[in-house]
file run-v5.tsv (TSV, C-alpha atoms)
chain	number	residue	atom	x	y	z
A	538	MET	CA	-46.41	142.39	144.93
A	539	ASN	CA	-48.27	143.95	147.88
A	540	LEU	CA	-46.57	142.47	150.93
A	541	ASP	CA	-47.92	142.88	154.45
A	542	ILE	CA	-45.71	145.07	156.65
A	543	ARG	CA	-45.77	144.54	160.39
A	544	PHE	CA	-44.48	147.55	162.29
A	545	ASP	CA	-43.33	146.83	165.85
A	546	PHE	CA	-45.63	149.11	167.84
A	547	GLN	CA	-44.80	147.31	171.10
A	548	ARG	CA	-41.09	148.09	170.93
A	549	ARG	CA	-41.40	151.32	172.91
A	550	ASP	CA	-43.15	149.47	175.74
A	551	ARG	CA	-40.56	146.68	175.73
A	552	ILE	CA	-37.28	148.57	175.46
A	553	GLY	CA	-38.16	152.26	175.37
A	554	LEU	CA	-37.15	152.73	171.73
A	555	ILE	CA	-39.34	153.13	168.66
A	556	GLU	CA	-38.76	151.14	165.49
A	557	ALA	CA	-36.81	153.06	162.89
A	558	ILE	CA	-37.75	152.40	159.27
A	559	TRP	CA	-34.94	151.29	156.94
A	560	GLY	CA	-35.52	153.29	153.77
A	561	ALA	CA	-32.82	151.99	151.45
A	562	ASP	CA	-34.48	148.74	150.37
A	563	LYS	CA	-38.13	149.77	150.55
A	564	SER	CA	-40.14	151.14	147.66
A	565	ILE	CA	-41.87	154.50	147.76
A	566	ASP	CA	-45.21	152.70	148.05
A	567	GLN	CA	-44.02	150.65	151.01
A	568	LEU	CA	-42.71	153.74	152.77
A	569	LYS	CA	-45.99	155.56	152.21
A	570	ARG	CA	-48.01	152.66	153.61
A	571	ILE	CA	-45.78	152.26	156.65
A	572	SER	CA	-45.79	155.99	157.35
A	573	GLU	CA	-49.59	156.14	157.18
A	574	GLU	CA	-49.93	153.17	159.52
A	575	VAL	CA	-47.46	154.60	162.04
A	576	LEU	CA	-48.99	158.08	162.03
A	577	ASN	CA	-52.48	156.62	162.48
A	578	LYS	CA	-51.17	155.08	165.71
A	579	LYS	CA	-50.00	158.55	166.86
A	580	GLU	CA	-46.37	157.47	166.64
A	581	VAL	CA	-43.48	159.35	165.04
A	582	VAL	CA	-42.07	158.20	161.71
A	583	PHE	CA	-38.27	157.98	161.61
A	584	ILE	CA	-36.77	156.72	158.36
A	585	THR	CA	-33.04	156.14	157.91
A	586	ARG	CA	-31.08	155.66	154.66
A	587	ILE	CA	-33.73	157.22	152.47
A	588	ASN	CA	-32.69	158.79	149.17
A	589	GLN	CA	-33.87	162.11	147.78
A	590	GLU	CA	-36.39	160.65	145.33
A	591	LYS	CA	-38.23	158.70	148.02
A	592	ALA	CA	-37.98	161.61	150.45
A	593	ILE	CA	-39.56	164.05	147.99
A	594	SER	CA	-42.57	161.75	147.60
A	595	LEU	CA	-43.14	161.80	151.36
A	596	LEU	CA	-42.46	165.53	151.63
A	597	ASN	CA	-45.20	166.13	149.06
A	598	LEU	CA	-47.56	163.93	151.05
A	599	TYR	CA	-46.87	165.18	154.58
A	600	GLY	CA	-46.49	168.88	155.27
A	601	ASP	CA	-44.66	168.34	158.55
A	602	ALA	CA	-42.10	165.91	157.11
A	603	ILE	CA	-38.45	166.96	157.47
A	604	PHE	CA	-35.72	165.53	155.23
A	605	TYR	CA	-32.13	165.68	156.46
A	606	GLU	CA	-30.39	165.16	153.13
A	607	GLU	CA	-26.79	164.93	154.41
A	608	ALA	CA	-27.82	162.20	156.86
A	609	ASN	CA	-30.35	160.50	154.54
A	610	CYS	CA	-32.94	160.61	157.33
A	611	LEU	CA	-36.57	161.71	157.29
A	612	ILE	CA	-38.91	162.42	160.20
A	613	ILE	CA	-42.68	162.86	160.10
A	614	GLY	CA	-44.46	164.03	163.23
A	615	GLU	CA	-43.07	164.41	166.72
A	616	ASN	CA	-41.88	162.02	169.37
A	617	VAL	CA	-44.22	162.98	172.21
A	618	ASN	CA	-42.54	160.60	174.67
A	619	LYS	CA	-39.08	162.09	174.87
A	620	LEU	CA	-36.68	161.20	177.65
A	621	SER	CA	-36.44	163.45	180.66
A	622	THR	CA	-32.74	163.54	181.48
A	623	ALA	CA	-29.91	165.96	182.05
A	624	LYS	CA	-27.37	163.51	180.58
A	625	LYS	CA	-25.58	164.68	177.46
A	626	VAL	CA	-23.88	163.01	174.51
A	627	ALA	CA	-20.84	164.27	172.60
A	628	ILE	CA	-20.50	163.14	168.99
A	629	ILE	CA	-16.88	163.34	167.92
A	630	SER	CA	-15.71	162.87	164.33
A	631	GLY	CA	-12.33	162.65	162.72
A	632	GLY	CA	-13.27	164.82	159.74
A	633	SER	CA	-16.10	166.38	157.78
A	634	SER	CA	-16.12	163.26	155.57
A	635	ASP	CA	-17.66	161.45	158.53
A	636	LEU	CA	-20.59	163.85	158.51
A	637	ALA	CA	-23.33	161.43	157.37
A	638	ALA	CA	-22.80	159.00	160.27
A	639	THR	CA	-22.30	161.89	162.69
A	640	LEU	CA	-25.56	163.58	161.66
A	641	GLU	CA	-27.49	160.30	161.71
A	642	ALA	CA	-26.48	159.86	165.35
A	643	LYS	CA	-27.31	163.47	166.21
A	644	ILE	CA	-30.75	163.41	164.58
A	645	ALA	CA	-31.62	160.13	166.30
A	646	LEU	CA	-30.57	161.46	169.71
A	647	GLU	CA	-32.47	164.72	169.28
A	648	LEU	CA	-35.58	162.77	168.29
A	649	TYR	CA	-35.56	161.42	171.86
A	650	GLY	CA	-34.84	164.81	173.39
A	651	ILE	CA	-31.22	164.05	174.24
A	652	ASN	CA	-28.94	167.06	174.55
A	653	CYS	CA	-25.98	166.45	172.23
A	654	LYS	CA	-23.19	168.35	170.54
A	655	THR	CA	-20.96	167.49	167.59
A	656	PHE	CA	-17.21	168.03	167.59
A	657	ILE	CA	-16.12	167.78	163.95
A	658	ASP	CA	-12.62	167.70	162.43
A	659	VAL	CA	-10.77	166.66	165.58
A	660	GLY	CA	-9.05	163.63	164.03
A	661	VAL	CA	-5.63	162.17	164.84
A	662	ALA	CA	-3.94	163.81	161.85
A	663	GLY	CA	-4.07	167.04	163.86
A	664	LEU	CA	-4.21	166.09	167.53
A	665	HIS	CA	-3.99	169.71	168.61
A	666	ARG	CA	-7.58	170.11	167.39
A	667	LEU	CA	-8.76	167.36	169.74
A	668	PHE	CA	-6.75	168.72	172.67
A	669	SER	CA	-8.27	172.16	172.18
A	670	GLU	CA	-11.74	170.62	172.72
A	671	ILE	CA	-10.94	167.93	175.28
A	672	LYS	CA	-12.09	169.87	178.35
A	673	GLU	CA	-15.43	170.63	176.72
A	674	ILE	CA	-15.87	167.04	175.54
A	675	ASN	CA	-15.21	165.82	179.08
A	676	LYS	CA	-18.41	167.56	180.24
A	677	TYR	CA	-20.52	165.01	178.37
A	678	ASP	CA	-21.76	161.72	179.83
A	679	VAL	CA	-21.52	159.43	176.78
A	680	LEU	CA	-19.17	159.80	173.81
A	681	ILE	CA	-19.84	158.65	170.25
A	682	VAL	CA	-16.70	158.63	168.10
A	683	CYS	CA	-17.04	158.44	164.30
A	684	ALA	CA	-13.90	157.91	162.23
A	685	GLY	CA	-12.83	156.48	158.90
A	686	MET	CA	-9.36	155.84	157.46
A	687	GLU	CA	-7.55	153.85	160.19
A	688	GLY	CA	-10.19	154.67	162.84
A	689	ALA	CA	-7.62	155.58	165.50
A	690	LEU	CA	-9.63	158.44	166.99
A	691	ALA	CA	-11.71	156.14	169.20
A	692	THR	CA	-8.55	154.69	170.80
A	693	VAL	CA	-7.11	158.14	171.45
A	694	VAL	CA	-10.33	159.37	173.06
A	695	GLY	CA	-10.61	156.12	175.02
A	696	GLY	CA	-7.13	156.62	176.41
A	697	LEU	CA	-7.88	160.17	177.56
A	698	LEU	CA	-11.45	160.15	178.91
A	699	PRO	CA	-13.38	157.80	181.24
A	700	GLN	CA	-16.91	158.02	179.78
A	701	PRO	CA	-18.66	155.18	177.95
A	702	ILE	CA	-17.37	155.33	174.37
A	703	ILE	CA	-19.31	154.07	171.34
A	704	ALA	CA	-17.12	153.89	168.24
A	705	VAL	CA	-18.53	154.09	164.73
A	706	PRO	CA	-16.22	153.07	161.86
A	707	VAL	CA	-16.95	155.15	158.77
A	708	SER	CA	-16.59	154.00	155.15
A	709	VAL	CA	-14.11	156.74	154.27
A	710	GLY	CA	-10.55	156.23	153.04
A	711	TYR	CA	-8.32	155.13	150.19
A	712	GLY	CA	-7.91	151.55	148.85
A	713	VAL	CA	-6.94	149.44	151.84
A	714	SER	CA	-9.50	151.25	153.98
A	715	LYS	CA	-11.93	148.84	152.29
A	716	ASN	CA	-15.07	150.95	152.76
A	717	GLY	CA	-14.65	151.11	156.53
A	718	GLU	CA	-13.43	147.59	157.21
A	719	THR	CA	-9.98	148.80	158.27
A	720	ALA	CA	-11.48	151.31	160.70
A	721	LEU	CA	-13.81	148.60	162.03
A	722	ASN	CA	-10.95	146.16	162.64
A	723	SER	CA	-8.84	148.90	164.21
A	724	MET	CA	-11.61	149.86	166.63
A	725	LEU	CA	-12.30	146.21	167.48
A	726	SER	CA	-8.62	145.67	168.25
A	727	SER	CA	-8.23	148.92	170.21
A	728	CYS	CA	-5.84	148.87	173.15
A	729	ALA	CA	-8.06	151.36	175.00
A	730	PRO	CA	-10.21	149.11	177.24
A	731	GLY	CA	-13.99	149.13	177.22
A	732	ILE	CA	-14.74	150.71	173.85
A	733	ALA	CA	-17.99	149.50	172.29
A	734	VAL	CA	-17.92	149.27	168.48
A	735	MET	CA	-20.86	149.58	166.10
A	736	ASN	CA	-21.16	148.37	162.53
A	737	ILE	CA	-19.78	150.47	159.68
A	738	ASP	CA	-21.56	153.84	159.25
A	739	ASN	CA	-24.14	152.91	161.91
A	740	GLY	CA	-24.68	156.31	163.53
A	741	TYR	CA	-28.26	155.35	164.36
A	742	GLY	CA	-27.15	152.25	166.25
A	743	ALA	CA	-24.63	154.32	168.21
A	744	ALA	CA	-27.36	156.74	169.21
A	745	MET	CA	-29.60	153.91	170.43
A	746	ALA	CA	-26.70	152.43	172.41
A	747	ALA	CA	-26.13	155.83	174.01
A	748	ILE	CA	-29.81	156.08	174.92
A	749	ARG	CA	-29.75	152.63	176.53
A	750	ILE	CA	-26.80	153.76	178.67
A	751	ILE	CA	-28.43	157.07	179.58
A	752	LYS	CA	-31.69	155.38	180.57
A	753	ARG	CA	-29.79	153.22	183.07
A	754	ILE	CA	-27.61	155.97	184.57
A	755	SER	CA	-30.23	158.73	184.72
call {"tool": "encode", "arguments": {"input": "run-v5.tsv", "output": "structure tokens"}}
result
Amino acid sequence: MNLDIRFDFQRRDRIGLIEAIWGADKSIDQLKRISEEVLNKKEVVFITRINQEKAISLLNLYGDAIFYEEANCLIIGENVNKLSTAKKVAIISGGSSDLAATLEAKIALELYGINCKTFIDVGVAGLHRLFSEIKEINKYDVLIVCAGMEGALATVVGGLLPQPIIAVPVSVGYGVSKNGETALNSMLSSCAPGIAVMNIDNGYGAAMAAIRIIKRIS
């Protein structure tokens, strides 16, 4: 079935963000047709949750396509309308198992020209690792915190630093972690006031939230 696909080309004008393409539930043919349409409009193609098979098809078609395998993201072209700001984002993760969500956030931020840095393996199981980086983290304007298991890292960071904090529960952990549901509930019930919580594994959403904040404070 050849369904019509309507890409939201007006989104940048409305809210300053381009439409990302969800790759997981689209066929290779659909992704090819969307990519061609977007590129013909001189817009950048940003696909999230794309697997290797689909990515290879696009890499063979577009010489400037870049596939970030660990993040399951693919970019074709360049975002020519990047933000002009000195504001910076720190992306903090409990462990290397949180890497996919962490990288998804980082790639999305860099697509918009946002200066960001990742701080990996600073989880609550070894708080000395977080404390050794806390002064450096405090130099950043918005903090994205990715954590699985019990998701306590966002609360700890929220109790130590005053910046806007965007928490991302990650689907990492044994049995009762329930593919990130425990971390999600923990972050939602955090005693550190003012923490914003994204959906499970939604590094892209966290990046867009950070950009919305930065656009208002820049």
call {"tool": "residues_around", "arguments": {"input": "run-v5.tsv", "residues": "segment 588-598 of chain A", "least_positions_apart": "5", "cutoff": "8 Å", "atoms": "only C-alpha atoms", "output": "mmCIF file with C-alpha atoms, keeping the file's coordinate frame"}}
result
data_model
loop_
_atom_site.group_PDB
_atom_site.id
_atom_site.type_symbol
_atom_site.label_atom_id
_atom_site.label_comp_id
_atom_site.auth_asym_id
_atom_site.auth_seq_id
_atom_site.Cartn_x
_atom_site.Cartn_y
_atom_site.Cartn_z
ATOM 1 C CA GLY A 560 -35.520 153.290 153.770
ATOM 2 C CA ALA A 561 -32.820 151.990 151.450
ATOM 3 C CA SER A 564 -40.140 151.140 147.660
ATOM 4 C CA ILE A 565 -41.870 154.500 147.760
ATOM 5 C CA LYS A 569 -45.990 155.560 152.210
ATOM 6 C CA ILE A 603 -38.450 166.960 157.470
ATOM 7 C CA PHE A 604 -35.720 165.530 155.230
ATOM 8 C CA GLU A 606 -30.390 165.160 153.130
ATOM 9 C CA ASN A 609 -30.350 160.500 154.540
ATOM 10 C CA LEU A 611 -36.570 161.710 157.290
#
call {"tool": "residues_around", "arguments": {"input": "run-v5.tsv", "residues": "Ala691 of chain A", "least_positions_apart": "4", "cutoff": "12 Å", "atoms": "only C-alpha atoms", "output": "JSON, numbers by chain"}}
result
{"A": [628, 629, 630, 631, 659, 660, 661, 667, 680, 681, 682, 683, 684, 685, 686, 687, 695, 696, 697, 698, 700, 701, 702, 703, 704, 705, 706, 707, 720, 721, 722, 723, 724, 725, 726, 727, 728, 729, 730, 731, 732, 733, 734, 735]}
call {"tool": "atom_distance", "arguments": {"input": "run-v5.tsv", "atom1": "atom CA of Arg570 of chain A", "atom2": "atom CA of Ile748 of chain A"}}
result
28.2 Å
call {"tool": "closest_residue", "arguments": {"input": "run-v5.tsv", "among": "A:Thr719, A:Asn739, A:Gln547, A:Asn652", "to": "Lys624 of chain A", "atoms": "only C-alpha atoms"}}
result
A:Asn652
call {"tool": "atom_distance", "arguments": {"input": "run-v5.tsv", "atom1": "atom CA of Met745 of chain A", "atom2": "atom CA of Ser572 of chain A"}}
result
20.9 Å
call {"tool": "build_atoms", "arguments": {"input": "run-v5.tsv", "residues": "segment 554-579 of chain A", "atoms": "N, CA and C atoms", "output": "compact mmCIF listing (two decimals), keeping the file's coordinate frame"}}
result
# COMPACT_ATOMS: atom_id res chain seq x y z
N LEU A 554 -37.59 152.18 173.00
CA LEU A 554 -37.15 152.73 171.73
C LEU A 554 -38.19 152.42 170.66
N ILE A 555 -38.42 153.38 169.76
CA ILE A 555 -39.34 153.13 168.66
C ILE A 555 -38.62 152.39 167.54
N GLU A 556 -39.37 151.79 166.65
CA GLU A 556 -38.76 151.14 165.49
C GLU A 556 -38.44 152.18 164.42
N ALA A 557 -37.19 152.22 164.02
CA ALA A 557 -36.81 153.06 162.89
C ALA A 557 -37.09 152.29 161.60
N ILE A 558 -37.40 153.00 160.55
CA ILE A 558 -37.75 152.40 159.27
C ILE A 558 -36.54 152.48 158.34
N TRP A 559 -36.07 151.34 157.87
CA TRP A 559 -34.94 151.29 156.94
C TRP A 559 -35.45 151.66 155.54
N GLY A 560 -34.98 152.79 155.02
CA GLY A 560 -35.52 153.29 153.77
C GLY A 560 -34.85 152.79 152.51
N ALA A 561 -33.62 152.28 152.64
CA ALA A 561 -32.82 151.99 151.45
C ALA A 561 -33.43 150.91 150.56
N ASP A 562 -33.99 149.88 151.15
CA ASP A 562 -34.48 148.74 150.37
C ASP A 562 -36.00 148.65 150.33
N LYS A 563 -36.67 149.73 150.64
CA LYS A 563 -38.13 149.77 150.55
C LYS A 563 -38.54 150.68 149.40
N SER A 564 -39.62 150.31 148.76
CA SER A 564 -40.14 151.14 147.66
C SER A 564 -40.85 152.36 148.22
N ILE A 565 -41.13 153.31 147.34
CA ILE A 565 -41.87 154.50 147.76
C ILE A 565 -43.25 154.10 148.28
N ASP A 566 -43.89 153.16 147.61
CA ASP A 566 -45.21 152.70 148.05
C ASP A 566 -45.16 152.08 149.43
N GLN A 567 -44.15 151.26 149.69
CA GLN A 567 -44.02 150.65 151.01
C GLN A 567 -43.81 151.70 152.08
N LEU A 568 -42.97 152.69 151.79
CA LEU A 568 -42.71 153.74 152.77
C LEU A 568 -43.95 154.58 153.04
N LYS A 569 -44.75 154.81 152.02
CA LYS A 569 -45.99 155.56 152.21
C LYS A 569 -46.96 154.78 153.10
N ARG A 570 -47.08 153.48 152.83
CA ARG A 570 -48.01 152.66 153.61
C ARG A 570 -47.57 152.52 155.07
N ILE A 571 -46.27 152.35 155.28
CA ILE A 571 -45.78 152.26 156.65
C ILE A 571 -45.98 153.58 157.39
N SER A 572 -45.66 154.68 156.72
CA SER A 572 -45.79 155.99 157.35
C SER A 572 -47.24 156.26 157.75
N GLU A 573 -48.17 155.94 156.87
CA GLU A 573 -49.59 156.14 157.18
C GLU A 573 -50.02 155.31 158.38
N GLU A 574 -49.57 154.06 158.42
CA GLU A 574 -49.93 153.17 159.52
C GLU A 574 -49.37 153.68 160.85
N VAL A 575 -48.11 154.11 160.82
CA VAL A 575 -47.46 154.60 162.04
C VAL A 575 -48.12 155.88 162.54
N LEU A 576 -48.38 156.80 161.64
CA LEU A 576 -48.99 158.08 162.03
C LEU A 576 -50.42 157.88 162.54
N ASN A 577 -51.12 156.92 162.00
CA ASN A 577 -52.48 156.62 162.48
C ASN A 577 -52.47 156.12 163.92
N LYS A 578 -51.33 155.55 164.33
CA LYS A 578 -51.17 155.08 165.71
C LYS A 578 -50.58 156.16 166.62
N LYS A 579 -50.52 157.40 166.11
CA LYS A 579 -50.00 158.55 166.86
C LYS A 579 -48.54 158.36 167.26
